[in-house]
Structure formats: structure tokens, C-alpha cells
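Peer 1: Below you'll find the structure I mean.
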Amino acid sequence: MYMNNTRLTIFDLYRDARPCVFIFIFLLFSNIPYSVIAQNGSDAKTCMSAYINEFVNDTTFRHAGISICFRDMESGDIIAHYNKNMALGSASVMKLVTTAVALETLGPDFRFSTRIGYVGNFTPGDSILKGCIVIKGGADPTILSEYFPDHNTDIIEKWADAIVNAGIKKVEGSVLADATIFNYHPAPGGWNWSDLGNYYGAGSHGICIFDNMYRIHFKTGSIGTRPEIKGIDPDIPGLIIENRLISYGNSDNGYVYLEPYGDHAVIRGEIPHDRDDFVLKASIPDPPLLTGILLQKELEKRGIIISKKTTSLRITPSLAEEYRSSEKVIITTSWSPPLSDIISVTNTESVNLFAEQLIKYIGFANTMKEFSSKGSGLKAINEYLNSSLDSTEGLYIVDGSGLSRSNALSASFITGLLQYMRTEGRFAEYYYESLPEPGKSGTLENYFNDPVFEGRLRAKSGTSTRIRNYAGYLEVSPGREVIFAVLVNNFDCSSSEVTARVEKLLKGVIEDH
């Protein structure tokens, strides 16, 4: 440092020493471990805090955001926490919010309906319908769903038989899909482009079929070669598939790129080499239209003549005004399984589509207005939560499933909701039993397999890129249950390693009670 005969003040010395001061402070504090707050300290609570301290100070979490909260089941009091109010990316833990409000507002016995009928003039004497066969969707997500293999397995055939039994032999119109219970924006804003064409990014529609999913079958060759498309199931008329996949490795890194209602899919990435039948699951671009096409095929098999090709109110808006003013005659109605079963699948198998159907239907039930949107569902959910919970701080919900990276919640909020549902919810047992159990089917099937968790743990997981979350109920001793949430974002290890650390944390909490 050059003096140049200039008088130095104390401020000059501080200014020039700042880099050294900052380095000293950093070195002083960088190795101090994080600490956990235990409420109303007792031996058990102190032990709980010790395990949380060990968890948050793991070096693999040095860049991570962590929010942890343990609550007493009966009182709802917070026992111990770390960053309990920090809102972090939720992933599928957000389904706990959607399913809670759906169960409380619609009830466990609620069933979605789909009505089959017609509009126009029909004279039984000549068996001619001068109008359209109509599929009036009621947002049922379970039509020919793989999650309900024993429910209405021949539903399309039953619809066709009912139309035949009504005496219709000729239709001077089309099969018309009416999915206007929901708007025509199936994918919530904030979903990634790479999600939309894949099965987990299937959009919500007023008429759903096959979980809004189709399968693409491939035969793959040696490393570096182009896989051969063997077929798709179900067949989607008019769909063009541009295959840019490569056979490589042993993991599924193939992605389907296709916008809702589109007809040109591009598949990129890598899928395992040397496989006779490797399957990629993709989202059906227009489920209402496909449902109509399948019904028309069944009608034609039965000899019914249909003069025009299948359409929908979205495709032919010119029909909409006349359709809405026309009398609708209902021929038959089909029903979904009860909502309690649908919610159980939603949470146990973490089905994004079911959660997105629920959030829009909650909006519809709240307003009884068609063209229900994600926005109307979010409004209804927030209204319910604000009227039921002491606080909704730390909740940022933008869709029903948690797929959007814009979703966030805190450990304090989600444990508060879980405590409310267990102690004050009208349908507490249905909600509790909808959560996965370790070692059984669902997202916990291969986790928490230590015998200490058997019969003691019910939890929802949430997984996305650099997100691994768990929230649920834990029996720590006979007759004593706690509610927990462990939310971890941006960790420096694999997701399975995060789970192993969560298992160690929860096991320690059980063993020290």
C-alpha cells in the first residue's frame, strides 16, 4: 500500500482490511454446525433434536434447503423443528393438499359421471337420428384406467349397446365429445415443455380415457443404433411420431415432446439397448376426441351408420351455440369408483392426472359453472384452507399434483394440515388410509423396509430433480403418534441416499421414545 504522504484515518484502515476481516469471519463460522429448536424440552424431545441436528449437518446437505417439523398428534404442538417456516419445492407432497380438500368438500362416496345421449330429432319408427350422439364428460379420470382394472372394463361396448337398445340405427351427424365441464387448457402454466408429452404430464380433460396415456413399443438394437417403433397402444389416428431416439445404456432417458391437442410427436434421448420390447409411456394429446372415435368404431361394428366423422365441441365450435340450446336426451350414465378409492390411488401411486382432475373439479363444484379452470380450483382450495386452518403461511400452490417447480410449502404448514385432517377432518380415516405404507404397493414399496416401521408409518413422498420430501404420520410408541415433514431441496447426493438419511432420522426418533 502506498502512502503518498496522505494522512490515514481509522476508516481507511478498516476499508483496506475488509477482505481479511471477511475471510476471518467466514473461517470462524463456517464449521459451526446448525442447531435445531426443541419446544418445551424433555428427554425424548432432546433426543429428537439430536437426530435432526445430525441430519441437517450431513455434508451432502451443505448446499441444500431443509425444512423439518415434528408435531404432537393430539395437541398439534410443535415438538422440534428446523427451518419449519421455510417454503421449499413440494413435488408430489402437494397431493396431500389437493386430496384433503377434495375429500372434505366432495365426500368419500362422491362419484364422477359420464352421460351418453343425443341431441337432434329422433323418430323411433325409422330409427334415424338427425343429430349427434353425445358423450357428456363429467371429468371421470378412471375410464379404462390401469389403476382400476376391474371397473367398467367394457364401458365403451356398454355405451354402444345402450345406443343400439335405444333403437338408433343411423346417425345423420357425428359422435360428439362434450368435455366442457373443464376449460381447454389441460396443462397448468409452469409445467416444463419436456413434461407435457410424457405420461406424468398428461393433462386434465372433461373426458379422460386410459389415464390419458398411450404406450410406444420399441425394439432396440446395439449401442448407437436407432430403435424401431413396433406399435402404439391404443392407436391414435392421425398421430405422427418422429423418432430421434438412440439405443444406449440401461436407463430410460427417452422423452416425448408433444403439445396438448397436437399431432406431431418428437421423441428424443436414450433408451436401453438390445431389448425386444421396451415401452415409453406418453400422454394422449386429445382424450375426448379419442374416446369419441372408440365409441364410433363400436357403433359401426354393430351396424349403425354414422354419416360424419367424430368431433368435439372444441374442434367444431360452430356447433356449440346450437348444441347448448338443444334438448339433450340421456340414454345411459356410467359412474366412477367412489372418491375414497380415487384419492387412495392418487396418494399411494402418486398419479398426477388424478390430482389435476380433482383440482379442477373442486373449482367446478364450488361454482357449478362449466369451463372450470385450474384457477377456480385454486381459489376454492385456498378458501377452504383459510377457513379451516389456523394458518396457511408457507403454502404456494399452483397445480394439484406438485409437478410444477413453482409449487412450494413449508414443513410447518403441511404438518398443520395433516394434524387437522387426523383430528378434525370429517373423513379422517379415509385420508389416513390413502397414504402409502412401507413395503407395500405404491411409492413406499421399496423404502422404509426396516421392521421398526412396520405398522407405524404412513407417509407421502415427493420426488423431482433435486427434491426429496416426506410427510406423514409416525407412531413413535404405543398410543403415541407424531406428525412429521422432512423437506430437502438441492442436495449433493442421490435421491435414494436422501431417503436413507430420512429413514435413519425417523428410526432414531422411534427408538428413543
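Identifiers for the C-alpha cells are assigned positionally: chains receive A, B, ... in sequence, residues are indexed from 1 per chain, and ligands are indexed from 1 in the order shown.
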Please give the complete set of residues from range 105-211 of chain A that DSSP, run on the backbone, assigns to helix (DSSP H, G or I), formatted as a list of chain:residue names.
Peer 2: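 So the helix (DSSP H, G or I) residues in range 105-211 of chain A would be A:Thr105, A:Leu106, A:Ile155, A:Ile156, A:Glu157, A:Lys158, A:Trp159, A:Ala160, A:Asp161, A:Ala162, A:Ile163, A:Val164, A:Asn165, A:Trp193, A:Ser194, A:Asp195, A:Leu196, A:Tyr199, A:Tyr200, A:Gly201, A:Phe210, A:Asp211.
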Peer 1: Name the residues of range 244-286 of chain A that come out as strand (DSSP E) in a backbone DSSP run; write them as a VMD selection string.
Peer 2: chain A and resid 244 to 247 253 to 257 264 to 271 278 to 283
Peer 1: Need to verify the contact set: Tyr51 in chain A, 8 Å, only C-alpha atoms, exclusion of same-chain residues closer than 6 positions in sequence. Can you return it as a list in words?
Peer 2: Leu505, Gly508 and Val509 of chain A
Peer 1: Export, as a compact mmCIF listing (two decimals), in the first residue's frame, the selected residues with C-alpha atoms.
Peer 2:
```
# COMPACT_ATOMS: atom_id res chain seq x y z
CA LEU A 505 -33.75 -39.91 11.35
CA GLY A 508 -33.82 -42.83 15.75
CA VAL A 509 -36.93 -40.91 16.81
```
Peer 1: Could you list, as a PDB file with C-alpha atoms, in the first residue's frame, every residue within 8 Å of Arg468 in chain A, counting only C-alpha atoms and ignoring same-chain residues fewer than 5 positions away?
Peer 2:
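Printed below is around09.pdb as written:
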```pdb
ATOM      1  CA  ALA A  91     -43.086 -32.109  -5.632  1.00  0.00           C
ATOM      2  CA  SER A 461     -43.255 -38.840  -0.752  1.00  0.00           C
ATOM      3  CA  GLY A 462     -42.408 -36.104  -3.212  1.00  0.00           C
ATOM      4  CA  THR A 463     -39.627 -36.546  -5.741  1.00  0.00           C
ATOM      5  CA  LEU A 487     -38.365 -31.496   3.050  1.00  0.00           C
ATOM      6  CA  VAL A 488     -35.000 -31.456   1.272  1.00  0.00           C
ATOM      7  CA  ASN A 489     -34.171 -29.487  -1.884  1.00  0.00           C
ATOM      8  CA  SER A 495     -32.485 -39.266  -4.018  1.00  0.00           C
ATOM      9  CA  VAL A 498     -31.617 -38.745   0.996  1.00  0.00           C
ATOM     10  CA  THR A 499     -34.264 -41.355   1.758  1.00  0.00           C
TER      11      THR A 499
END
```
Peer 1: So, with only C-alpha atoms as the atoms that count, which of A:Leu444, A:Leu409, A:Ile207, A:Met368 lies closest to Tyr184 in chain A?
Peer 2: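 Of A:Leu444, A:Leu409, A:Ile207, A:Met368, the one nearest Tyr184 in chain A is A:Ile207, counting only C-alpha atoms.
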Peer 1: Could you give me, as a ChimeraX atom specification, the residues within 12 Å of Ser441 in chain A, counting only C-alpha atoms and dropping anything in the same chain fewer than 2 positions from it?
Peer 2: /A:147,344-345,347-350,434-439,443-447
Peer 1: Please determine, counting only C-alpha atoms, which residue among A:Ser404, A:Ser67, A:Thr123, A:Thr310 has the shortest atom-to-atom distance to Ala485 in chain A.
Peer 2: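 Once distances to Ala485 in chain A are computed over only C-alpha atoms, the minimum belongs to A:Ser67.
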Peer 1: A:Asn198, A:Ser334, A:Thr346, A:Asn85: which is nearest Lys281 in chain A, counting only C-alpha atoms?
Peer 2: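 Checking each of A:Asn198, A:Ser334, A:Thr346, A:Asn85 against Lys281 in chain A, counting only C-alpha atoms, the winner is A:Asn198.
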Peer 1: Here is a test: counting only C-alpha atoms, which residue of A:Arg426, A:Lys309, A:His273, A:His513 is nearest to Pro108 in chain A?
Peer 2: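 With only C-alpha atoms as the atom set, the closest residue is A:Arg426.
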